[in-house]
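Student: What follows is coords15.pdb, made up of PDB, C-alpha atoms:
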```pdb
ATOM      1  CA  MET A1002      75.282  81.047  90.097  1.00  0.00           C
ATOM      2  CA  ARG A1003      72.000  79.508  91.280  1.00  0.00           C
ATOM      3  CA  ALA A1004      73.326  76.052  90.452  1.00  0.00           C
ATOM      4  CA  LEU A1005      76.437  76.726  92.546  1.00  0.00           C
ATOM      5  CA  TRP A1006      74.354  77.761  95.538  1.00  0.00           C
ATOM      6  CA  ILE A1007      72.220  74.620  95.172  1.00  0.00           C
ATOM      7  CA  PHE A1008      75.391  72.531  95.078  1.00  0.00           C
ATOM      8  CA  ILE A1009      76.819  74.197  98.170  1.00  0.00           C
ATOM      9  CA  SER A1010      73.562  73.796 100.094  1.00  0.00           C
ATOM     10  CA  ALA A1011      73.448  70.107  99.248  1.00  0.00           C
ATOM     11  CA  PHE A1012      77.143  69.847 100.054  1.00  0.00           C
ATOM     12  CA  LEU A1013      76.674  71.209 103.548  1.00  0.00           C
ATOM     13  CA  PHE A1014      73.730  68.952 104.287  1.00  0.00           C
ATOM     14  CA  MET A1015      75.572  65.833 103.061  1.00  0.00           C
ATOM     15  CA  GLY A1016      77.570  65.596 106.234  1.00  0.00           C
ATOM     16  CA  TYR A1017      80.462  67.968 105.754  1.00  0.00           C
ATOM     17  CA  GLY A1018      80.736  68.404 109.495  1.00  0.00           C
ATOM     18  CA  ARG A1019      81.759  64.770 109.861  1.00  0.00           C
ATOM     19  CA  ALA A1020      85.296  65.336 108.633  1.00  0.00           C
ATOM     20  CA  PHE A1021      88.021  62.802 109.208  1.00  0.00           C
ATOM     21  CA  ALA A1022      89.886  62.647 112.506  1.00  0.00           C
ATOM     22  CA  VAL A1023      93.536  61.799 112.989  1.00  0.00           C
ATOM     23  CA  LYS A1024      94.346  59.790 116.087  1.00  0.00           C
ATOM     24  CA  SER A1025      97.806  59.351 117.505  1.00  0.00           C
ATOM     25  CA  HIS A1026      98.700  55.654 117.914  1.00  0.00           C
ATOM     26  CA  GLY A1027     102.282  54.997 119.047  1.00  0.00           C
ATOM     27  CA  ASN A1028     104.673  56.301 116.411  1.00  0.00           C
ATOM     28  CA  GLN A1029     102.030  56.191 113.673  1.00  0.00           C
ATOM     29  CA  ASN A1030      99.146  58.449 112.786  1.00  0.00           C
ATOM     30  CA  VAL A1031      96.015  56.447 112.170  1.00  0.00           C
ATOM     31  CA  LYS A1032      93.535  58.298 109.977  1.00  0.00           C
ATOM     32  CA  THR A1033      89.908  57.434 110.658  1.00  0.00           C
ATOM     33  CA  THR A1034      87.643  58.249 107.735  1.00  0.00           C
ATOM     34  CA  TYR A1035      83.900  58.151 107.405  1.00  0.00           C
ATOM     35  CA  LYS A1036      83.211  56.151 104.283  1.00  0.00           C
ATOM     36  CA  ASN A1037      79.562  57.124 104.307  1.00  0.00           C
ATOM     37  CA  THR A1038      80.425  60.824 104.075  1.00  0.00           C
ATOM     38  CA  SER A1039      79.409  61.987 100.623  1.00  0.00           C
ATOM     39  CA  VAL A1040      82.022  64.729 100.538  1.00  0.00           C
ATOM     40  CA  PHE A1041      84.921  62.318 100.678  1.00  0.00           C
ATOM     41  CA  ALA A1042      83.292  59.910  98.254  1.00  0.00           C
ATOM     42  CA  VAL A1043      83.112  62.740  95.729  1.00  0.00           C
ATOM     43  CA  ARG A1044      86.698  63.740  96.414  1.00  0.00           C
ATOM     44  CA  ASP A1045      87.896  60.124  95.961  1.00  0.00           C
ATOM     45  CA  LYS A1046      86.164  59.980  92.593  1.00  0.00           C
ATOM     46  CA  LEU A1047      87.747  63.248  91.519  1.00  0.00           C
ATOM     47  CA  MET A1048      91.200  62.045  92.538  1.00  0.00           C
ATOM     48  CA  LYS A1049      90.702  58.781  90.649  1.00  0.00           C
ATOM     49  CA  ILE A1050      89.735  60.689  87.525  1.00  0.00           C
ATOM     50  CA  LYS A1051      92.769  62.914  87.945  1.00  0.00           C
ATOM     51  CA  GLY A1052      95.060  59.939  88.518  1.00  0.00           C
ATOM     52  CA  GLY A1053      93.831  58.163  85.407  1.00  0.00           C
ATOM     53  CA  SER A1054      94.313  61.135  83.154  1.00  0.00           C
ATOM     54  CA  VAL A1055      97.540  61.489  81.197  1.00  0.00           C
ATOM     55  CA  VAL A1056      97.317  65.277  81.383  1.00  0.00           C
ATOM     56  CA  GLY A1057      96.534  65.128  85.085  1.00  0.00           C
ATOM     57  CA  THR A1058      99.476  62.848  85.745  1.00  0.00           C
ATOM     58  CA  TRP A1059     101.838  65.045  83.742  1.00  0.00           C
ATOM     59  CA  TYR A1060     100.595  68.193  85.482  1.00  0.00           C
ATOM     60  CA  ALA A1061     100.985  66.516  88.882  1.00  0.00           C
ATOM     61  CA  SER A1062     104.590  65.646  88.051  1.00  0.00           C
ATOM     62  CA  GLN A1063     105.252  69.246  87.022  1.00  0.00           C
ATOM     63  CA  LEU A1064     103.730  70.481  90.272  1.00  0.00           C
ATOM     64  CA  ALA A1065     105.991  68.133  92.213  1.00  0.00           C
ATOM     65  CA  THR A1066     109.200  69.127  90.419  1.00  0.00           C
ATOM     66  CA  ARG A1067     108.521  72.766  89.460  1.00  0.00           C
ATOM     67  CA  PRO A1068     105.597  73.947  91.621  1.00  0.00           C
ATOM     68  CA  ILE A1069     106.048  77.717  91.374  1.00  0.00           C
ATOM     69  CA  VAL A1070     106.914  77.761  87.668  1.00  0.00           C
ATOM     70  CA  THR A1071     103.999  75.459  86.824  1.00  0.00           C
ATOM     71  CA  LYS A1072     101.478  77.501  88.798  1.00  0.00           C
ATOM     72  CA  SER A1073     102.848  80.779  87.446  1.00  0.00           C
ATOM     73  CA  VAL A1074     102.706  79.710  83.788  1.00  0.00           C
ATOM     74  CA  THR A1075      99.181  78.378  84.319  1.00  0.00           C
ATOM     75  CA  ALA A1076      98.133  81.694  85.862  1.00  0.00           C
ATOM     76  CA  ALA A1077      99.746  83.624  82.986  1.00  0.00           C
ATOM     77  CA  LEU A1078      97.797  81.688  80.351  1.00  0.00           C
ATOM     78  CA  ILE A1079      94.506  82.012  82.201  1.00  0.00           C
ATOM     79  CA  PHE A1080      94.971  85.727  82.909  1.00  0.00           C
ATOM     80  CA  ALA A1081      95.761  86.382  79.240  1.00  0.00           C
ATOM     81  CA  ALA A1082      92.639  84.488  78.174  1.00  0.00           C
ATOM     82  CA  SER A1083      90.574  86.372  80.763  1.00  0.00           C
ATOM     83  CA  ASP A1084      91.698  89.785  79.540  1.00  0.00           C
ATOM     84  CA  ALA A1085      91.161  88.837  75.905  1.00  0.00           C
ATOM     85  CA  SER A1086      87.625  87.734  76.809  1.00  0.00           C
ATOM     86  CA  ALA A1087      87.057  90.945  78.773  1.00  0.00           C
ATOM     87  CA  GLN A1088      88.093  93.047  75.782  1.00  0.00           C
ATOM     88  CA  THR A1089      85.777  91.049  73.515  1.00  0.00           C
ATOM     89  CA  ILE A1090      82.903  91.849  75.862  1.00  0.00           C
ATOM     90  CA  GLU A1091      83.881  95.513  76.188  1.00  0.00           C
ATOM     91  CA  ASN A1092      84.255  95.947  72.413  1.00  0.00           C
ATOM     92  CA  LYS A1093      80.953  94.293  71.579  1.00  0.00           C
ATOM     93  CA  GLY A1094      79.125  96.665  69.254  1.00  0.00           C
ATOM     94  CA  HIS A1095      82.372  98.545  68.601  1.00  0.00           C
ATOM     95  CA  GLU A1096      84.045  96.195  66.150  1.00  0.00           C
ATOM     96  CA  GLU A1097      86.169  99.028  64.790  1.00  0.00           C
ATOM     97  CA  GLN A1098      87.982  99.288  68.128  1.00  0.00           C
ATOM     98  CA  ASN A1099      91.296  97.420  68.024  1.00  0.00           C
ATOM     99  CA  ARG A1100      92.257  94.851  70.609  1.00  0.00           C
ATOM    100  CA  ASP A1101      94.818  96.108  73.134  1.00  0.00           C
ATOM    101  CA  ASN A1102      97.469  93.388  73.002  1.00  0.00           C
ATOM    102  CA  ILE A1103      99.707  95.254  75.460  1.00  0.00           C
ATOM    103  CA  ARG A1104      96.917  95.143  78.038  1.00  0.00           C
ATOM    104  CA  THR A1105      96.576  91.378  77.533  1.00  0.00           C
ATOM    105  CA  LEU A1106     100.336  90.956  77.863  1.00  0.00           C
ATOM    106  CA  VAL A1107     100.346  92.960  81.085  1.00  0.00           C
ATOM    107  CA  SER A1108      97.531  90.826  82.512  1.00  0.00           C
ATOM    108  CA  SER A1109      99.488  87.720  81.601  1.00  0.00           C
ATOM    109  CA  LEU A1110     102.557  89.084  83.392  1.00  0.00           C
ATOM    110  CA  VAL A1111     100.455  89.767  86.486  1.00  0.00           C
ATOM    111  CA  GLY A1112      99.523  86.094  86.536  1.00  0.00           C
ATOM    112  CA  LEU A1113     103.082  84.969  85.827  1.00  0.00           C
ATOM    113  CA  LEU A1114     105.014  87.242  88.159  1.00  0.00           C
ATOM    114  CA  TYR A1115     102.517  87.925  90.944  1.00  0.00           C
ATOM    115  CA  PHE A1116      99.432  85.732  91.197  1.00  0.00           C
ATOM    116  CA  GLY A1117     101.128  82.392  90.499  1.00  0.00           C
ATOM    117  CA  PRO A1118     103.930  82.760  93.079  1.00  0.00           C
ATOM    118  CA  ALA A1119     101.691  84.608  95.553  1.00  0.00           C
ATOM    119  CA  ALA A1120      98.999  81.908  95.413  1.00  0.00           C
ATOM    120  CA  HIS A1121     101.632  79.208  95.922  1.00  0.00           C
ATOM    121  CA  TYR A1122     103.016  80.800  99.070  1.00  0.00           C
ATOM    122  CA  TRP A1123      99.588  81.892 100.322  1.00  0.00           C
ATOM    123  CA  TYR A1124      98.086  78.395 100.262  1.00  0.00           C
ATOM    124  CA  ASP A1125     101.269  76.899 101.656  1.00  0.00           C
ATOM    125  CA  MET A1126     101.069  79.328 104.564  1.00  0.00           C
ATOM    126  CA  ILE A1127      97.335  78.979 105.119  1.00  0.00           C
ATOM    127  CA  PHE A1128      97.563  75.185 105.441  1.00  0.00           C
ATOM    128  CA  LYS A1129     100.385  75.536 107.959  1.00  0.00           C
ATOM    129  CA  ILE A1130      98.417  78.039 110.037  1.00  0.00           C
ATOM    130  CA  LEU A1131      95.087  76.214 109.712  1.00  0.00           C
ATOM    131  CA  PRO A1132      95.796  72.550 108.934  1.00  0.00           C
ATOM    132  CA  GLY A1133      92.362  71.329 109.991  1.00  0.00           C
ATOM    133  CA  THR A1134      89.613  70.132 107.644  1.00  0.00           C
ATOM    134  CA  SER A1135      86.572  70.982 109.743  1.00  0.00           C
ATOM    135  CA  LEU A1136      83.905  73.424 108.655  1.00  0.00           C
ATOM    136  CA  ILE A1137      85.246  76.013 111.100  1.00  0.00           C
ATOM    137  CA  SER A1138      88.773  75.679 109.709  1.00  0.00           C
ATOM    138  CA  THR A1139      87.494  75.991 106.149  1.00  0.00           C
ATOM    139  CA  LEU A1140      85.517  79.115 107.011  1.00  0.00           C
ATOM    140  CA  GLN A1141      88.578  80.589 108.727  1.00  0.00           C
ATOM    141  CA  LYS A1142      90.688  79.979 105.613  1.00  0.00           C
ATOM    142  CA  ALA A1143      88.012  81.549 103.416  1.00  0.00           C
ATOM    143  CA  THR A1144      87.733  84.565 105.732  1.00  0.00           C
ATOM    144  CA  LEU A1145      91.475  85.193 105.676  1.00  0.00           C
ATOM    145  CA  GLY A1146      91.414  85.010 101.893  1.00  0.00           C
ATOM    146  CA  GLN A1147      88.664  87.605 101.728  1.00  0.00           C
ATOM    147  CA  LEU A1148      90.367  89.923 104.203  1.00  0.00           C
ATOM    148  CA  ILE A1149      93.985  89.661 103.058  1.00  0.00           C
ATOM    149  CA  PHE A1150      94.780  87.867  99.800  1.00  0.00           C
ATOM    150  CA  GLY A1151      91.790  89.030  97.747  1.00  0.00           C
ATOM    151  CA  PRO A1152      92.006  92.780  98.474  1.00  0.00           C
ATOM    152  CA  SER A1153      95.796  92.842  98.116  1.00  0.00           C
ATOM    153  CA  PHE A1154      95.612  91.124  94.729  1.00  0.00           C
ATOM    154  CA  THR A1155      92.893  93.517  93.564  1.00  0.00           C
ATOM    155  CA  CYS A1156      95.000  96.532  94.571  1.00  0.00           C
ATOM    156  CA  VAL A1157      98.008  95.148  92.702  1.00  0.00           C
ATOM    157  CA  PHE A1158      95.821  94.572  89.640  1.00  0.00           C
ATOM    158  CA  PHE A1159      94.576  98.160  89.803  1.00  0.00           C
ATOM    159  CA  ALA A1160      98.110  99.517  90.152  1.00  0.00           C
ATOM    160  CA  ILE A1161      99.420  97.508  87.189  1.00  0.00           C
ATOM    161  CA  SER A1162      96.499  98.661  85.045  1.00  0.00           C
ATOM    162  CA  LEU A1163      97.305 102.289  85.856  1.00  0.00           C
ATOM    163  CA  PHE A1164     100.975 101.716  85.033  1.00  0.00           C
ATOM    164  CA  GLN A1165     100.007 100.098  81.738  1.00  0.00           C
ATOM    165  CA  ALA A1166      97.831 103.102  80.897  1.00  0.00           C
ATOM    166  CA  LYS A1167     100.716 105.443  81.862  1.00  0.00           C
ATOM    167  CA  SER A1168      98.487 107.210  84.353  1.00  0.00           C
ATOM    168  CA  PHE A1169      99.858 105.882  87.619  1.00  0.00           C
ATOM    169  CA  THR A1170     100.339 108.370  90.410  1.00  0.00           C
ATOM    170  CA  LEU A1171      99.845 107.792  94.107  1.00  0.00           C
ATOM    171  CA  GLY A1172      96.792 110.036  93.995  1.00  0.00           C
ATOM    172  CA  ASN A1173      95.253 108.184  91.035  1.00  0.00           C
ATOM    173  CA  PHE A1174      95.923 104.858  92.722  1.00  0.00           C
ATOM    174  CA  ILE A1175      94.287 105.934  95.982  1.00  0.00           C
ATOM    175  CA  ARG A1176      91.273 107.299  94.103  1.00  0.00           C
ATOM    176  CA  LYS A1177      91.006 104.074  92.117  1.00  0.00           C
ATOM    177  CA  VAL A1178      91.128 101.944  95.247  1.00  0.00           C
ATOM    178  CA  LYS A1179      88.546 104.090  97.037  1.00  0.00           C
ATOM    179  CA  ALA A1180      86.222 104.082  94.036  1.00  0.00           C
ATOM    180  CA  ASP A1181      86.408 100.445  92.940  1.00  0.00           C
ATOM    181  CA  LEU A1182      87.861  98.232  95.688  1.00  0.00           C
ATOM    182  CA  PRO A1183      84.698  98.199  97.880  1.00  0.00           C
ATOM    183  CA  GLY A1184      82.506  97.195  94.941  1.00  0.00           C
ATOM    184  CA  ALA A1185      84.959  94.538  93.761  1.00  0.00           C
ATOM    185  CA  TRP A1186      85.253  93.164  97.293  1.00  0.00           C
ATOM    186  CA  LYS A1187      81.471  92.958  97.703  1.00  0.00           C
ATOM    187  CA  ALA A1188      81.159  91.255  94.327  1.00  0.00           C
ATOM    188  CA  GLY A1189      83.819  88.784  95.434  1.00  0.00           C
ATOM    189  CA  LEU A1190      81.738  87.810  98.469  1.00  0.00           C
ATOM    190  CA  GLY A1191      79.266  86.192  96.093  1.00  0.00           C
ATOM    191  CA  PHE A1192      81.966  84.200  94.321  1.00  0.00           C
ATOM    192  CA  TRP A1193      85.142  83.444  96.267  1.00  0.00           C
ATOM    193  CA  PRO A1194      83.638  81.938  99.446  1.00  0.00           C
ATOM    194  CA  ILE A1195      81.984  79.319  97.237  1.00  0.00           C
ATOM    195  CA  VAL A1196      85.293  78.665  95.476  1.00  0.00           C
ATOM    196  CA  ASP A1197      87.081  78.418  98.835  1.00  0.00           C
ATOM    197  CA  LEU A1198      84.500  76.044 100.283  1.00  0.00           C
ATOM    198  CA  ILE A1199      84.876  73.692  97.325  1.00  0.00           C
ATOM    199  CA  SER A1200      88.658  73.957  97.052  1.00  0.00           C
ATOM    200  CA  TYR A1201      89.449  73.478 100.752  1.00  0.00           C
ATOM    201  CA  SER A1202      87.167  70.456 101.098  1.00  0.00           C
ATOM    202  CA  LEU A1203      87.175  68.660  97.738  1.00  0.00           C
ATOM    203  CA  ILE A1204      90.489  69.508  96.082  1.00  0.00           C
ATOM    204  CA  ALA A1205      93.890  68.114  97.051  1.00  0.00           C
ATOM    205  CA  PRO A1206      96.088  70.946  98.418  1.00  0.00           C
ATOM    206  CA  GLN A1207      98.622  70.784  95.583  1.00  0.00           C
ATOM    207  CA  PHE A1208      95.826  71.227  93.037  1.00  0.00           C
ATOM    208  CA  ILE A1209      94.036  74.114  94.769  1.00  0.00           C
ATOM    209  CA  PRO A1210      96.024  76.843  92.908  1.00  0.00           C
ATOM    210  CA  LEU A1211      95.105  75.150  89.599  1.00  0.00           C
ATOM    211  CA  PHE A1212      91.423  75.046  90.562  1.00  0.00           C
ATOM    212  CA  VAL A1213      91.558  78.663  91.757  1.00  0.00           C
ATOM    213  CA  ASN A1214      93.281  79.664  88.507  1.00  0.00           C
ATOM    214  CA  PHE A1215      90.435  78.262  86.458  1.00  0.00           C
ATOM    215  CA  CYS A1216      87.894  79.979  88.708  1.00  0.00           C
ATOM    216  CA  SER A1217      89.936  83.153  88.280  1.00  0.00           C
ATOM    217  CA  PHE A1218      89.194  83.045  84.562  1.00  0.00           C
ATOM    218  CA  CYS A1219      85.661  84.362  85.167  1.00  0.00           C
ATOM    219  CA  TRP A1220      86.720  86.637  88.016  1.00  0.00           C
ATOM    220  CA  THR A1221      89.598  88.205  86.096  1.00  0.00           C
ATOM    221  CA  ILE A1222      87.267  89.043  83.207  1.00  0.00           C
ATOM    222  CA  TYR A1223      85.255  91.095  85.699  1.00  0.00           C
ATOM    223  CA  LEU A1224      88.343  92.501  87.415  1.00  0.00           C
ATOM    224  CA  SER A1225      90.012  93.445  84.138  1.00  0.00           C
ATOM    225  CA  THR A1226      86.907  95.376  83.129  1.00  0.00           C
ATOM    226  CA  VAL A1227      86.779  97.184  86.475  1.00  0.00           C
ATOM    227  CA  ALA A1228      90.518  97.895  86.503  1.00  0.00           C
ATOM    228  CA  ASN A1229      90.405  99.493  83.061  1.00  0.00           C
ATOM    229  CA  ARG A1230      87.107 101.334  83.544  1.00  0.00           C
ATOM    230  CA  THR A1231      88.631 104.651  84.555  1.00  0.00           C
ATOM    231  CA  VAL A1232      91.304 104.330  81.900  1.00  0.00           C
ATOM    232  CA  ALA A1233      88.725 103.783  79.186  1.00  0.00           C
ATOM    233  CA  GLU A1234      86.600 106.669  80.354  1.00  0.00           C
TER     234      GLU A1234
END
```
As a first step, turn the structure in this file into structure tokens.

Tutor:
Amino acid sequence: MRALWIFISAFLFMGYGRAFAVKSHGNQNVKTTYKNTSVFAVRDKLMKIKGGSVVGTWYASQLATRPIVTKSVTAALIFAASDASAQTIENKGHEEQNRDNIRTLVSSLVGLLYFGPAAHYWYDMIFKILPGTSLISTLQKATLGQLIFGPSFTCVFFAISLFQAKSFTLGNFIRKVKADLPGAWKAGLGFWPIVDLISYSLIAPQFIPLFVNFCSFCWTIYLSTVANRTVAE
């Protein structure tokens, strides 16, 4: 985490505020870039690496032809891996406790049926509402994510966990949200704004859900543990 904060601090001081400007010139849009801006130099290198990779090229083609399916399947695989990792951590010292494969399957379905499609439409909408690339625009996107997308996803995750444990009632759901949503949201403030700052400024828009999915691996381990805490107790 310290390394991430160091990176972000350096990132901000490397001239992020000097984002590119788009000037209207006749019937063409002329994009003026600042070649000495370190942010865009890093992004160009990342895109070159992605373009030269066979896997990256194949994934890009899948995103172009089947965007929602590709993002949803990616989310399903990562969510399953996250829950399996969470259970390994929870069962440490209790080797006799069996792994809950149904719980892992349910987490995978959350990624497949909810997070993948929701992330696709969320980022599509957010770039239409806030198309700019300035620091202010990036902070606005990150703020909306923290206020709307993040809490709604967490509540859905809690609800699905209660359904999976066969203990879902409206009262249990409300109690779960009141007990654990504030803590999860505060914990997210130390993680997701960093992810948003990197994704909105260094990652091509079509690859942001993929980047967020990989970041979600660590977050979903935490969230899976929190979501199943009451159930386990």

Student: Take the PyMOL selection byres ((chain A and resi 1138-1141) around 10), run it mentally on this structure, and tell me the resulting residues as a PDB file with C-alpha atoms, keeping the file's coordinate frame.

Tutor:
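The new file expr.pdb reads:
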```pdb
ATOM      1  CA  ILE A1127      97.335  78.979 105.119  1.00  0.00           C
ATOM      2  CA  PHE A1128      97.563  75.185 105.441  1.00  0.00           C
ATOM      3  CA  ILE A1130      98.417  78.039 110.037  1.00  0.00           C
ATOM      4  CA  LEU A1131      95.087  76.214 109.712  1.00  0.00           C
ATOM      5  CA  PRO A1132      95.796  72.550 108.934  1.00  0.00           C
ATOM      6  CA  GLY A1133      92.362  71.329 109.991  1.00  0.00           C
ATOM      7  CA  THR A1134      89.613  70.132 107.644  1.00  0.00           C
ATOM      8  CA  SER A1135      86.572  70.982 109.743  1.00  0.00           C
ATOM      9  CA  LEU A1136      83.905  73.424 108.655  1.00  0.00           C
ATOM     10  CA  ILE A1137      85.246  76.013 111.100  1.00  0.00           C
ATOM     11  CA  LYS A1142      90.688  79.979 105.613  1.00  0.00           C
ATOM     12  CA  ALA A1143      88.012  81.549 103.416  1.00  0.00           C
ATOM     13  CA  THR A1144      87.733  84.565 105.732  1.00  0.00           C
ATOM     14  CA  LEU A1145      91.475  85.193 105.676  1.00  0.00           C
ATOM     15  CA  GLY A1146      91.414  85.010 101.893  1.00  0.00           C
ATOM     16  CA  GLN A1147      88.664  87.605 101.728  1.00  0.00           C
ATOM     17  CA  PRO A1194      83.638  81.938  99.446  1.00  0.00           C
ATOM     18  CA  ASP A1197      87.081  78.418  98.835  1.00  0.00           C
ATOM     19  CA  LEU A1198      84.500  76.044 100.283  1.00  0.00           C
ATOM     20  CA  ILE A1199      84.876  73.692  97.325  1.00  0.00           C
ATOM     21  CA  SER A1200      88.658  73.957  97.052  1.00  0.00           C
ATOM     22  CA  TYR A1201      89.449  73.478 100.752  1.00  0.00           C
ATOM     23  CA  SER A1202      87.167  70.456 101.098  1.00  0.00           C
TER      24      SER A1202
END
```

Student: Pull out every residue that the PyMOL selection byres ((chain A and resi 1063-1074) around 6) matches in the shown coordinates and put them as a ChimeraX atom specification.

Tutor: /A:1060-1062,1075-1077,1113,1117-1118

Student: For A:Arg1176, please output as number ranges by chain all residues within 12 Å (counting all atoms listed in the file; exclusion window: fewer than 4 positions along the same chain).

Tutor: A: 1156, 1159-1160, 1163, 1169-1172, 1180-1183, 1231

Student: For the atom pair atom CA of A:Ile1222 and atom CA of A:Ala1119, what is the interatomic distance in Å to one decimal place?

Tutor: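 Interatomic distance, atom CA of A:Ile1222 to atom CA of A:Ala1119: 19.5 Å.
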
Student: Counting only C-alpha atoms, figure out which residue out of A:Ser1153, A:Ala1185, A:Asp1084, A:Arg1100 gets nearest to A:Ala1120.

Tutor: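 The closest residue to A:Ala1120 is A:Ser1153.
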
Student: For atom CA of A:Pro1206 and atom CA of A:Pro1152, quote the distance in Å rounded to one decimal.

Tutor: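 We find that atom CA of A:Pro1206 and atom CA of A:Pro1152 lie 22.2 Å from each other.
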
Student: Could you state the separation of atom CA of A:Leu1211 and atom CA of A:Trp1186 in Å, given to one decimal place?

Tutor: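 So the answer is 21.9 Å.
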
Student: Which residues are close to A:Phe1158, i.e. within 8 Å by all atoms listed in the file, leaving aside same-chain residues fewer than 3 positions away? Reply as a list in words.

Tutor: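 These residues fall inside the cut-off: Val1111, Phe1154, Thr1155, Ile1161, Ser1162 and Ala1228 of chain A.
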
Student: The residues within 10 Å of (97.6, 92.1, 75.7), using only C-alpha atoms and the coordinates of the file, should be reported as a ChimeraX atom specification; which are they?

Tutor: /A:1080-1082,1084-1085,1088,1100-1110

Student: Kindly indicate which residue among A:Thr1058, A:Gln1207, A:Thr1221, A:Asn1173 lies nearest to A:Phe1192, using only C-alpha atoms for the distances.

Tutor: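 The closest residue to A:Phe1192 is A:Thr1221.
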
Student: Can you sort out the box for stretch 1115-1119 of chain A, edges along x, y and z, all listed atoms in, 6 Å on every side, with centre and edge lengths in Å to one decimal, as AutoDock Vina command-line options?

Tutor:
```
--center_x 101.7 --center_y 85.2 --center_z 93.0 --size_x 16.5 --size_y 17.5 --size_z 17.1
```

Student: A:Ala1087, A:Ile1209, A:Val1055, A:Ile1079: which is nearest A:Val1227, counting all atoms listed in the file?

Tutor: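 Closest to A:Val1227, using all atoms listed in the file: A:Ala1087.
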